[in-house]
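Q: Contents are mmCIF, C-alpha atoms and all ligand atoms; file name final_22.cif:
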```cif
data_data
#
loop_
_atom_site.label_atom_id
_atom_site.label_comp_id
_atom_site.auth_asym_id
_atom_site.auth_seq_id
_atom_site.Cartn_x
_atom_site.Cartn_y
_atom_site.Cartn_z
CA MET A 1 -6.73 -16.86 17.87
CA ASP A 2 -10.48 -16.57 17.30
CA ARG A 3 -11.07 -12.93 18.01
CA LEU A 4 -8.99 -9.92 17.06
CA THR A 5 -9.54 -6.34 18.22
CA ILE A 6 -7.51 -3.62 16.54
CA THR A 7 -7.56 0.17 16.39
CA GLN A 8 -10.17 1.20 13.82
CA PRO A 9 -8.54 0.98 10.37
CA ASP A 10 -8.60 3.40 7.41
CA ASP A 11 -8.75 2.69 3.67
CA TRP A 12 -6.09 4.72 1.86
CA HIS A 13 -7.41 4.04 -1.67
CA LEU A 14 -11.13 3.82 -2.38
CA HIS A 15 -13.58 4.42 -5.23
CA VAL A 16 -17.18 5.12 -4.22
CA ARG A 17 -18.60 6.80 -7.40
CA THR A 18 -21.76 8.94 -7.14
CA GLY A 19 -25.56 8.57 -7.19
CA GLY A 20 -27.06 5.08 -6.85
CA ILE A 21 -23.72 3.26 -6.71
CA LEU A 22 -22.43 5.55 -3.95
CA LYS A 23 -25.58 4.84 -1.94
CA ALA A 24 -25.19 1.10 -2.47
CA VAL A 25 -21.54 0.93 -1.41
CA ILE A 26 -20.67 3.61 1.13
CA GLY A 27 -22.20 1.78 4.11
CA HIS A 28 -19.83 -1.14 3.56
CA THR A 29 -16.79 1.06 3.98
CA ALA A 30 -18.27 3.14 6.81
CA ARG A 31 -19.00 -0.04 8.79
CA GLN A 32 -15.31 -0.92 8.99
CA PHE A 33 -13.16 2.12 8.38
CA GLY A 34 -12.81 5.44 10.17
CA ARG A 35 -11.64 7.28 7.05
CA ALA A 36 -10.86 6.65 3.40
CA ILE A 37 -8.90 8.41 0.69
CA ILE A 38 -11.53 8.94 -2.00
CA MET A 39 -10.37 8.62 -5.58
CA PRO A 40 -11.30 11.49 -7.92
CA ASN A 41 -11.84 9.57 -11.19
CA LEU A 42 -15.47 10.51 -11.67
CA LYS A 43 -16.87 11.46 -15.04
CA PRO A 44 -15.97 14.32 -15.29
CA PRO A 45 -13.04 14.03 -12.86
CA VAL A 46 -12.75 15.98 -9.60
CA THR A 47 -10.11 18.55 -10.49
CA THR A 48 -10.71 21.48 -8.12
CA VAL A 49 -10.99 21.88 -4.35
CA GLU A 50 -14.46 23.31 -4.89
CA GLN A 51 -15.61 20.17 -6.73
CA ALA A 52 -13.99 17.96 -4.11
CA LEU A 53 -15.90 19.71 -1.33
CA MET A 54 -19.18 19.20 -3.21
CA TYR A 55 -18.36 15.54 -3.76
CA ARG A 56 -17.51 15.25 -0.05
CA GLN A 57 -20.96 16.60 0.83
CA GLU A 58 -22.60 14.04 -1.44
CA ILE A 59 -20.67 11.24 0.29
CA LEU A 60 -21.53 12.53 3.77
CA ALA A 61 -25.21 12.72 2.78
CA ALA A 62 -25.14 9.10 1.59
CA LEU A 63 -23.74 7.72 4.87
CA PRO A 64 -25.87 5.59 7.17
CA LYS A 65 -27.41 7.60 10.03
CA GLY A 66 -25.03 8.19 12.91
CA SER A 67 -21.91 7.24 10.95
CA THR A 68 -18.77 9.20 11.82
CA PHE A 69 -16.90 8.03 8.72
CA GLN A 70 -14.74 10.76 7.16
CA PRO A 71 -14.08 10.92 3.42
CA LEU A 72 -10.59 12.29 2.71
CA MET A 73 -10.76 13.95 -0.68
CA THR A 74 -8.22 14.01 -3.51
CA LEU A 75 -7.89 15.93 -6.77
CA TYR A 76 -7.33 14.47 -10.19
CA LEU A 77 -4.17 15.83 -11.77
CA THR A 78 -4.60 16.91 -15.40
CA GLY A 79 -2.58 18.78 -17.99
CA ASN A 80 -4.57 21.86 -16.93
CA THR A 81 -4.06 21.71 -13.16
CA SER A 82 -2.77 25.09 -11.97
CA LEU A 83 -0.10 25.85 -9.41
CA GLY A 84 -2.76 27.82 -7.53
CA GLU A 85 -4.84 24.64 -7.12
CA VAL A 86 -1.88 22.92 -5.46
CA LYS A 87 -1.73 25.75 -2.94
CA LYS A 88 -5.49 25.45 -2.37
CA VAL A 89 -5.10 21.75 -1.59
CA ALA A 90 -2.30 22.54 0.85
CA ASP A 91 -4.63 25.00 2.61
CA SER A 92 -7.69 22.72 2.55
CA GLU A 93 -8.78 20.81 5.62
CA HIS A 94 -10.62 18.19 3.56
CA VAL A 95 -8.51 17.65 0.43
CA HIS A 96 -5.41 15.62 1.16
CA ALA A 97 -3.59 14.73 -2.04
CA PHE A 98 -3.37 14.74 -5.84
CA LYS A 99 -3.89 11.57 -7.83
CA LEU A 100 -1.81 11.08 -10.94
CA TYR A 101 -3.24 8.82 -13.64
CA PRO A 102 -1.13 8.52 -16.76
CA ALA A 103 -3.66 9.30 -19.53
CA GLY A 104 -5.56 6.17 -20.52
CA ALA A 105 -4.15 3.92 -17.77
CA THR A 106 -7.46 2.82 -16.28
CA THR A 107 -11.18 3.51 -15.68
CA ASN A 108 -12.01 7.18 -16.39
CA SER A 109 -8.40 8.23 -16.86
CA ASP A 110 -8.74 9.91 -20.27
CA ALA A 111 -8.19 13.30 -18.62
CA GLY A 112 -4.97 12.11 -17.00
CA VAL A 113 -1.45 13.35 -17.52
CA ALA A 114 -0.21 12.72 -21.08
CA ASP A 115 3.07 14.62 -20.81
CA MET A 116 4.75 13.73 -17.54
CA ASP A 117 7.50 16.36 -17.90
CA ALA A 118 4.89 19.11 -18.17
CA ALA A 119 3.61 18.11 -14.72
CA TYR A 120 7.01 18.61 -13.08
CA PRO A 121 6.29 22.19 -11.93
CA LEU A 122 3.20 20.82 -10.18
CA PHE A 123 5.28 18.12 -8.46
CA GLU A 124 7.65 20.89 -7.39
CA ALA A 125 4.75 22.79 -5.81
CA MET A 126 3.46 19.65 -4.06
CA GLN A 127 6.91 19.07 -2.66
CA LYS A 128 7.09 22.68 -1.47
CA TYR A 129 3.67 22.63 0.22
CA GLY A 130 3.90 19.06 1.54
CA VAL A 131 0.99 17.74 -0.55
CA PRO A 132 1.23 13.98 -1.19
CA LEU A 133 1.20 12.68 -4.77
CA LEU A 134 -0.66 9.39 -5.27
CA ILE A 135 0.42 7.56 -8.38
CA HIS A 136 -1.25 4.96 -10.58
CA GLY A 137 2.06 3.57 -11.74
CA GLU A 138 1.56 2.08 -15.19
CA VAL A 139 2.78 3.17 -18.59
CA THR A 140 -0.01 3.36 -21.12
CA ASN A 141 1.58 3.11 -24.56
CA ALA A 142 -0.03 0.38 -26.63
CA GLU A 143 3.33 -1.21 -27.43
CA TYR A 144 3.90 -2.24 -23.80
CA ASP A 145 2.63 -5.59 -22.62
CA ILE A 146 -0.07 -5.17 -19.98
CA PHE A 147 1.83 -7.43 -17.56
CA ASP A 148 4.96 -5.23 -17.82
CA ARG A 149 3.36 -1.81 -17.50
CA GLU A 150 3.99 -1.26 -13.80
CA LYS A 151 7.63 -2.35 -13.96
CA ILE A 152 8.31 -0.06 -16.94
CA PHE A 153 6.58 2.89 -15.25
CA ILE A 154 8.82 2.48 -12.22
CA GLU A 155 11.96 2.25 -14.34
CA THR A 156 11.18 5.13 -16.68
CA GLN A 157 8.96 7.51 -14.68
CA LEU A 158 8.71 6.90 -10.96
CA SER A 159 12.44 6.62 -10.34
CA ARG A 160 12.93 9.97 -12.13
CA ILE A 161 10.17 11.74 -10.20
CA ILE A 162 11.61 10.55 -6.91
CA GLN A 163 15.12 11.66 -7.85
CA GLN A 164 14.00 15.09 -9.01
CA PHE A 165 11.82 15.75 -5.96
CA PRO A 166 13.58 14.14 -3.01
CA ALA A 167 11.18 15.59 -0.41
CA LEU A 168 7.93 14.87 -2.30
CA ARG A 169 5.69 12.44 -0.45
CA VAL A 170 4.62 9.75 -2.92
CA VAL A 171 2.24 6.84 -2.55
CA ALA A 172 2.77 4.20 -5.20
CA GLU A 173 -0.81 2.91 -5.35
CA HIS A 174 -1.90 -0.72 -5.56
CA LEU A 175 1.46 -2.44 -6.01
CA THR A 176 1.35 -5.63 -8.03
CA THR A 177 4.91 -6.82 -8.60
CA LEU A 178 8.04 -8.01 -6.83
CA GLU A 179 9.97 -5.24 -8.60
CA ALA A 180 7.62 -2.60 -7.22
CA VAL A 181 7.98 -3.98 -3.69
CA GLN A 182 11.76 -3.89 -3.98
CA PHE A 183 11.66 -0.36 -5.38
CA VAL A 184 9.56 0.94 -2.48
CA GLU A 185 11.65 -0.93 0.10
CA SER A 186 14.85 0.63 -1.14
CA ALA A 187 13.40 4.14 -1.66
CA PRO A 188 13.62 6.85 1.02
CA GLY A 189 11.02 7.11 3.79
CA ASN A 190 8.87 9.64 1.90
CA ILE A 191 7.90 6.90 -0.60
CA ALA A 192 5.15 4.53 0.53
CA ALA A 193 2.70 2.15 -1.11
CA THR A 194 -0.78 0.67 -0.80
CA ILE A 195 -1.64 -2.99 -1.32
CA THR A 196 -5.11 -4.30 -2.25
CA PRO A 197 -6.78 -7.48 -0.99
CA GLN A 198 -7.09 -8.94 -4.48
CA HIS A 199 -3.37 -8.64 -5.16
CA LEU A 200 -2.64 -10.43 -1.86
CA MET A 201 -5.14 -13.21 -2.58
CA PHE A 202 -4.95 -14.01 -6.25
CA ASN A 203 -2.58 -14.43 -9.13
CA ARG A 204 -3.49 -14.06 -12.79
CA ASN A 205 -4.86 -17.59 -13.03
CA ALA A 206 -7.89 -16.27 -11.17
CA ILE A 207 -8.83 -14.24 -14.24
CA LEU A 208 -7.86 -16.62 -17.00
CA ALA A 209 -7.65 -20.29 -15.96
CA GLY A 210 -10.66 -22.54 -16.53
CA GLY A 211 -12.78 -19.74 -18.02
CA ILE A 212 -12.59 -15.97 -18.17
CA ARG A 213 -13.64 -14.39 -14.87
CA PRO A 214 -14.30 -10.68 -15.26
CA HIS A 215 -14.78 -9.99 -11.54
CA TYR A 216 -11.06 -10.60 -11.01
CA TYR A 217 -10.09 -8.12 -13.70
CA CYS A 218 -8.69 -4.92 -12.25
CA LEU A 219 -5.85 -2.55 -13.03
CA PRO A 220 -3.00 -2.97 -12.55
CA ILE A 221 -3.86 -6.52 -13.61
CA LEU A 222 -3.14 -9.50 -11.32
CA LYS A 223 0.33 -10.90 -11.91
CA ARG A 224 2.18 -14.22 -11.44
CA GLU A 225 2.29 -16.14 -8.17
CA HIS A 226 5.80 -15.01 -7.17
CA HIS A 227 4.61 -11.41 -7.33
CA ARG A 228 1.66 -12.21 -5.08
CA LEU A 229 4.01 -13.82 -2.57
CA ALA A 230 6.26 -10.73 -2.60
CA LEU A 231 3.24 -8.51 -1.89
CA LEU A 232 2.07 -10.75 0.94
CA GLN A 233 5.55 -10.66 2.42
CA ALA A 234 5.66 -6.84 2.18
CA ALA A 235 2.19 -6.32 3.65
CA THR A 236 2.87 -8.62 6.60
CA SER A 237 6.45 -7.48 7.22
CA GLY A 238 5.63 -4.67 9.64
CA ASN A 239 7.42 -2.21 7.33
CA PRO A 240 5.48 1.09 7.69
CA LYS A 241 6.00 1.91 3.99
CA PHE A 242 3.25 -0.58 3.12
CA PHE A 243 -0.32 0.12 4.17
CA LEU A 244 -3.92 -0.75 3.40
CA GLY A 245 -5.65 0.58 0.30
CA THR A 246 -8.43 -1.63 -1.03
CA ASP A 247 -8.87 0.04 -4.43
CA SER A 248 -12.44 -1.21 -4.06
CA ALA A 249 -13.85 -0.13 -7.42
CA PRO A 250 -17.56 -0.83 -7.92
CA HIS A 251 -18.87 -1.33 -11.45
CA LEU A 252 -22.32 -2.56 -12.43
CA THR A 253 -22.31 -6.32 -12.91
CA VAL A 254 -23.57 -5.84 -16.48
CA LEU A 255 -20.56 -3.67 -17.28
CA LYS A 256 -18.12 -6.24 -15.84
CA GLU A 257 -19.79 -9.24 -17.52
CA ASN A 258 -19.46 -7.66 -20.91
CA SER A 259 -17.55 -8.17 -24.16
CA CYS A 260 -15.40 -5.22 -23.05
CA GLY A 261 -15.62 -5.47 -19.27
CA CYS A 262 -14.63 -2.65 -16.91
CA ALA A 263 -11.55 -2.91 -14.68
CA GLY A 264 -12.07 -2.96 -10.93
CA CYS A 265 -12.81 -5.39 -8.08
CA TYR A 266 -15.46 -4.55 -5.52
CA SER A 267 -14.09 -5.45 -2.08
CA ALA A 268 -15.54 -2.90 0.36
CA HIS A 269 -18.22 -5.36 1.56
CA ALA A 270 -15.56 -7.50 3.24
CA ALA A 271 -12.33 -5.53 3.12
CA MET A 272 -11.00 -6.26 6.61
CA GLU A 273 -12.20 -9.85 6.43
CA LEU A 274 -10.23 -10.40 3.22
CA TYR A 275 -7.05 -8.88 4.64
CA ALA A 276 -7.45 -10.80 7.92
CA GLU A 277 -7.69 -14.07 6.01
CA MET A 278 -4.44 -13.35 4.17
CA PHE A 279 -2.57 -12.13 7.25
CA GLU A 280 -3.65 -15.26 9.10
CA GLN A 281 -2.49 -17.46 6.22
CA ALA A 282 0.89 -15.73 6.43
CA GLY A 283 1.01 -16.31 10.21
CA ALA A 284 1.08 -12.54 10.74
CA LEU A 285 -2.24 -11.50 12.31
CA ASP A 286 -0.17 -9.48 14.79
CA LYS A 287 0.97 -7.26 11.88
CA LEU A 288 -2.55 -6.43 10.66
CA GLU A 289 -3.09 -3.47 12.97
CA GLY A 290 0.03 -1.60 11.84
CA PHE A 291 -0.81 -2.17 8.17
CA ALA A 292 -4.50 -1.31 8.49
CA SER A 293 -4.66 1.27 11.27
CA PHE A 294 -1.30 2.98 11.87
CA TYR A 295 1.09 3.35 8.94
CA GLY A 296 -1.25 5.13 6.54
CA ALA A 297 -2.33 7.72 9.09
CA ASP A 298 1.29 8.28 10.08
CA PHE A 299 2.31 8.76 6.44
CA TYR A 300 -0.47 11.28 5.76
CA GLY A 301 0.33 13.11 9.00
CA LEU A 302 -3.13 12.44 10.45
CA PRO A 303 -3.92 11.19 13.94
CA ARG A 304 -4.50 7.48 14.36
CA ASN A 305 -8.13 6.51 15.03
CA THR A 306 -9.17 6.05 18.63
CA GLY A 307 -12.03 3.55 18.20
CA THR A 308 -11.61 -0.18 17.67
CA LEU A 309 -12.75 -2.86 15.24
CA THR A 310 -13.29 -6.47 16.25
CA LEU A 311 -13.05 -9.44 13.92
CA GLN A 312 -14.38 -12.85 14.91
CA LYS A 313 -13.28 -16.10 13.34
CA ARG A 314 -16.47 -17.60 11.93
CA ASP A 315 -17.50 -18.72 8.46
CA TRP A 316 -19.98 -16.63 6.53
CA MET A 317 -21.04 -16.52 2.92
CA VAL A 318 -20.56 -13.45 0.74
CA PRO A 319 -23.81 -12.49 -1.07
CA GLU A 320 -23.88 -12.97 -4.85
CA GLN A 321 -24.87 -9.34 -5.45
CA PHE A 322 -25.34 -5.99 -3.76
CA GLY A 323 -27.43 -3.00 -4.79
CA ASP A 324 -30.91 -2.42 -6.24
CA ALA A 325 -32.29 -4.18 -9.28
CA ASP A 326 -31.06 -1.31 -11.49
CA ALA A 327 -27.61 -1.10 -9.85
CA ARG A 328 -26.36 -4.64 -9.27
CA ILE A 329 -22.75 -5.01 -8.12
CA THR A 330 -20.95 -8.35 -7.84
CA PRO A 331 -18.50 -8.40 -4.94
CA LEU A 332 -15.15 -10.12 -4.70
CA LYS A 333 -15.65 -13.73 -3.48
CA ALA A 334 -19.36 -13.61 -4.35
CA GLY A 335 -21.08 -16.76 -3.10
CA GLU A 336 -17.91 -17.96 -1.36
CA THR A 337 -17.13 -18.51 2.30
CA LEU A 338 -14.92 -16.14 4.29
CA ARG A 339 -13.29 -17.18 7.54
CA TRP A 340 -13.36 -13.88 9.46
CA GLN A 341 -16.22 -11.51 10.14
CA VAL A 342 -16.29 -7.98 11.46
CA VAL A 343 -18.47 -7.99 14.56
CA SER A 344 -18.18 -4.43 15.84
CA ALA A 345 -16.62 -1.12 15.05
C1 LIG B 1 -10.37 1.65 -10.86
C2 LIG B 1 -11.78 2.16 -11.15
O1 LIG B 1 -12.62 1.37 -11.58
O2 LIG B 1 -12.05 3.35 -10.90
N1 LIG B 1 -10.22 0.37 -11.48
C3 LIG B 1 -9.31 -0.56 -11.16
O3 LIG B 1 -9.24 -1.58 -11.84
N2 LIG B 1 -8.50 -0.42 -10.13
C4 LIG B 1 -9.39 2.66 -11.35
C5 LIG B 1 -8.02 2.44 -10.82
O4 LIG B 1 -7.76 2.65 -9.64
O5 LIG B 1 -7.16 2.06 -11.61
ZN ZN B 2 -8.05 2.84 -7.76
#
```
Take the structure in this file and express it as structure tokens.
A:
Amino acid sequence: MDRLTITQPDDWHLHVRTGGILKAVIGHTARQFGRAIIMPNLKPPVTTVEQALMYRQEILAALPKGSTFQPLMTLYLTGNTSLGEVKKVADSEHVHAFKLYPAGATTNSDAGVADMDAAYPLFEAMQKYGVPLLIHGEVTNAEYDIFDREKIFIETQLSRIIQQFPALRVVAEHLTTLEAVQFVESAPGNIAATITPQHLMFNRNAILAGGIRPHYYCLPILKREHHRLALLQAATSGNPKFFLGTDSAPHLTVLKENSCGCAGCYSAHAAMELYAEMFEQAGALDKLEGFASFYGADFYGLPRNTGTLTLQKRDWMVPEQFGDADARITPLKAGETLRWQVVSA
């Protein structure tokens, strides 16, 4: 197969930042996707519906002319989030979910939830109003090994949350392990998960073997090969619990290539191309449309897109950098050849 036309996809986990970075990256997403769930981990974080609506306006203003891309906003859950804010999200047309970052888990997560039990009344309200909870599932305590943090979060936190709130819709974001895949597979239908392109493509050797490669460093960190294979199997299985979320997370090149480099892979420039390559490798191109264009919308209770996206099989080279001289961003697969290319949306 050399050409593939699918219903226009959506990205159910995306970071676009603000200001110059937003302007440099948003066109990449808008070119491929109809909608995207926008992560709220700005500095300071987006914690109220009012702030989310302002952020939405900034994103809309940064879109290329004529774009119909829709940013789907989320709020950052903190120790100070009120029950009233949960109700406001439920009533909002443009804010779709809360994002839970355990405090200190990742980029700009200092304001996250430190005491999980204290957030239980908020989970209760989300369950009651049907507001999805999106979870960065990693424990943060320094004594836990970074490669075990997702597994331990599932065992000690996620399983409890799901038991306590059986009707709460939960998205376990950016799965990275076999254990996480098995957990989601065996959980009830209100528990779903996103999978990123980098976790389908690479194992931890990409970061550490033959030199340290900061552009492959993201959180949760890449794991061993058998975990990658489990993720690829899940993504290409046709199981509607697993859907597309790039976690494209732009950082300035200078802040990635640094003695303390930031976590996050930038993948929006070639998101569908990266997924297509992996689905083809798995012999499952026929499963790409469900994963990219149907299951996420169904889970969020939103209509599926009506437009289409066409990918053509032809080699092209990813640029080394994007952005202006003062806002350089190095993309995933910089300077490398990709096999598929988006030709029309
Ligand atoms: C994300 C970022 O940079 O905002 N980084 C990452 O490595 N994924 C935060 C996140 O989603 O964890
Ligand atoms: Zn993210």
Q: Need the axis-aligned box for ligand LIG 1 (chain B) with 8 Å each side, so what are the centre and edges in Å to one decimal, as AutoDock Vina command-line options?
A:
```
--center_x -9.9 --center_y 0.9 --center_z -10.7 --size_x 21.5 --size_y 20.9 --size_z 18.2
```
Q: Which one of A:Gly112, A:Gly20, A:Gly245, A:Gly211 sits closest to ligand ZN 2 (chain B) if you count all atoms listed in the file?
A: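 The answer is A:Gly245, which sits nearest to ligand ZN 2 (chain B).
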Q: Around ligand LIG 1 (chain B), at most 7 Å away and counting only C-alpha atoms and all ligand atoms, which residues are there? Put them as a PDB file with C-alpha atoms, keeping the file's coordinate frame, please.
A:
```
ATOM      1  CA  HIS A  15     -13.580   4.420  -5.230  1.00  0.00           C
ATOM      2  CA  ASN A  41     -11.840   9.570 -11.190  1.00  0.00           C
ATOM      3  CA  THR A 106      -7.460   2.820 -16.280  1.00  0.00           C
ATOM      4  CA  THR A 107     -11.180   3.510 -15.680  1.00  0.00           C
ATOM      5  CA  ASN A 108     -12.010   7.180 -16.390  1.00  0.00           C
ATOM      6  CA  HIS A 136      -1.250   4.960 -10.580  1.00  0.00           C
ATOM      7  CA  TYR A 217     -10.090  -8.120 -13.700  1.00  0.00           C
ATOM      8  CA  CYS A 218      -8.690  -4.920 -12.250  1.00  0.00           C
ATOM      9  CA  LEU A 219      -5.850  -2.550 -13.030  1.00  0.00           C
ATOM     10  CA  PRO A 220      -3.000  -2.970 -12.550  1.00  0.00           C
ATOM     11  CA  ASP A 247      -8.870   0.040  -4.430  1.00  0.00           C
ATOM     12  CA  ALA A 249     -13.850  -0.130  -7.420  1.00  0.00           C
ATOM     13  CA  PRO A 250     -17.560  -0.830  -7.920  1.00  0.00           C
ATOM     14  CA  HIS A 251     -18.870  -1.330 -11.450  1.00  0.00           C
ATOM     15  CA  CYS A 262     -14.630  -2.650 -16.910  1.00  0.00           C
ATOM     16  CA  ALA A 263     -11.550  -2.910 -14.680  1.00  0.00           C
ATOM     17  CA  GLY A 264     -12.070  -2.960 -10.930  1.00  0.00           C
ATOM     18  CA  CYS A 265     -12.810  -5.390  -8.080  1.00  0.00           C
TER      19      CYS A 265
END
```
Q: Choose the residue, out of A:Glu336, A:Glu173, A:Glu150, A:Glu289, that has the smallest atom-to-atom separation from Pro9 of chain A; count only C-alpha atoms.
A: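 Closest candidate: A:Glu289.
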Q: Atom CA of Asn190 of chain A and atom CA of Arg160 of chain A are how many Å apart?
A: 14.6 Å
Q: What is the atom CA of Pro303 of chain A-atom CA of Arg56 of chain A distance in Å, reported with one decimal?
A: 19.9 Å
Q: When distances are computed from all atoms listed in the file, which of A:Leu77, A:Leu14, A:Ala167, A:Ala125 shows the smallest separation from ligand ZN 2 (chain B)?
A: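 Of all the options, A:Leu14 lies closest to ligand ZN 2 (chain B).
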Q: At a cut-off of 10 Å around the point (9.8, -0.9, -1.9) (file coordinates), what residues fall inside when counting only C-alpha atoms? I'd like the answer as a compact mmCIF listing (two decimals) with C-alpha atoms, keeping the file's coordinate frame.
A:
```txt
# COMPACT_ATOMS: atom_id res chain seq x y z
CA ALA A 172 2.77 4.20 -5.20
CA LEU A 175 1.46 -2.44 -6.01
CA LEU A 178 8.04 -8.01 -6.83
CA GLU A 179 9.97 -5.24 -8.60
CA ALA A 180 7.62 -2.60 -7.22
CA VAL A 181 7.98 -3.98 -3.69
CA GLN A 182 11.76 -3.89 -3.98
CA PHE A 183 11.66 -0.36 -5.38
CA VAL A 184 9.56 0.94 -2.48
CA GLU A 185 11.65 -0.93 0.10
CA SER A 186 14.85 0.63 -1.14
CA ALA A 187 13.40 4.14 -1.66
CA PRO A 188 13.62 6.85 1.02
CA GLY A 189 11.02 7.11 3.79
CA ILE A 191 7.90 6.90 -0.60
CA ALA A 192 5.15 4.53 0.53
CA ALA A 193 2.70 2.15 -1.11
CA ALA A 234 5.66 -6.84 2.18
CA ASN A 239 7.42 -2.21 7.33
CA LYS A 241 6.00 1.91 3.99
CA PHE A 242 3.25 -0.58 3.12
```
Q: For atom CA of Gly130 of chain A and atom CA of Ala90 of chain A, quote the distance in Å rounded to one decimal.
A: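 Taking atom CA of Gly130 of chain A and atom CA of Ala90 of chain A, their separation equals 7.1 Å.
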Q: Give me the residues within 10 Å of Ser109 of chain A as a VMD selection string, counting only C-alpha atoms and dropping any in the same chain fewer than 2 places off.
A: chain A and resid 40 to 45 76 78 100 to 107 111 to 113
Q: When distances are computed from only C-alpha atoms, which of A:Ile26, A:Ala206, A:Leu200, A:Ala118 shows the smallest separation from Ala282 of chain A?
A: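 Answer, going by the shortest atom-to-atom distance: A:Leu200.
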Q: Using only C-alpha atoms and all ligand atoms, pick whichever of A:Ser267, A:Asn203, A:Tyr120, A:Asp91 has the shortest atom-to-atom distance to ligand ZN 2 (chain B).
A: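 For ligand ZN 2 (chain B), the nearest of the given residues is A:Ser267.
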Q: Looking at A:His174, A:Phe69, A:Thr81, A:Ala325, which one is nearest to ligand ZN 2 (chain B), with distances taken over all atoms listed in the file?
A: A:His174
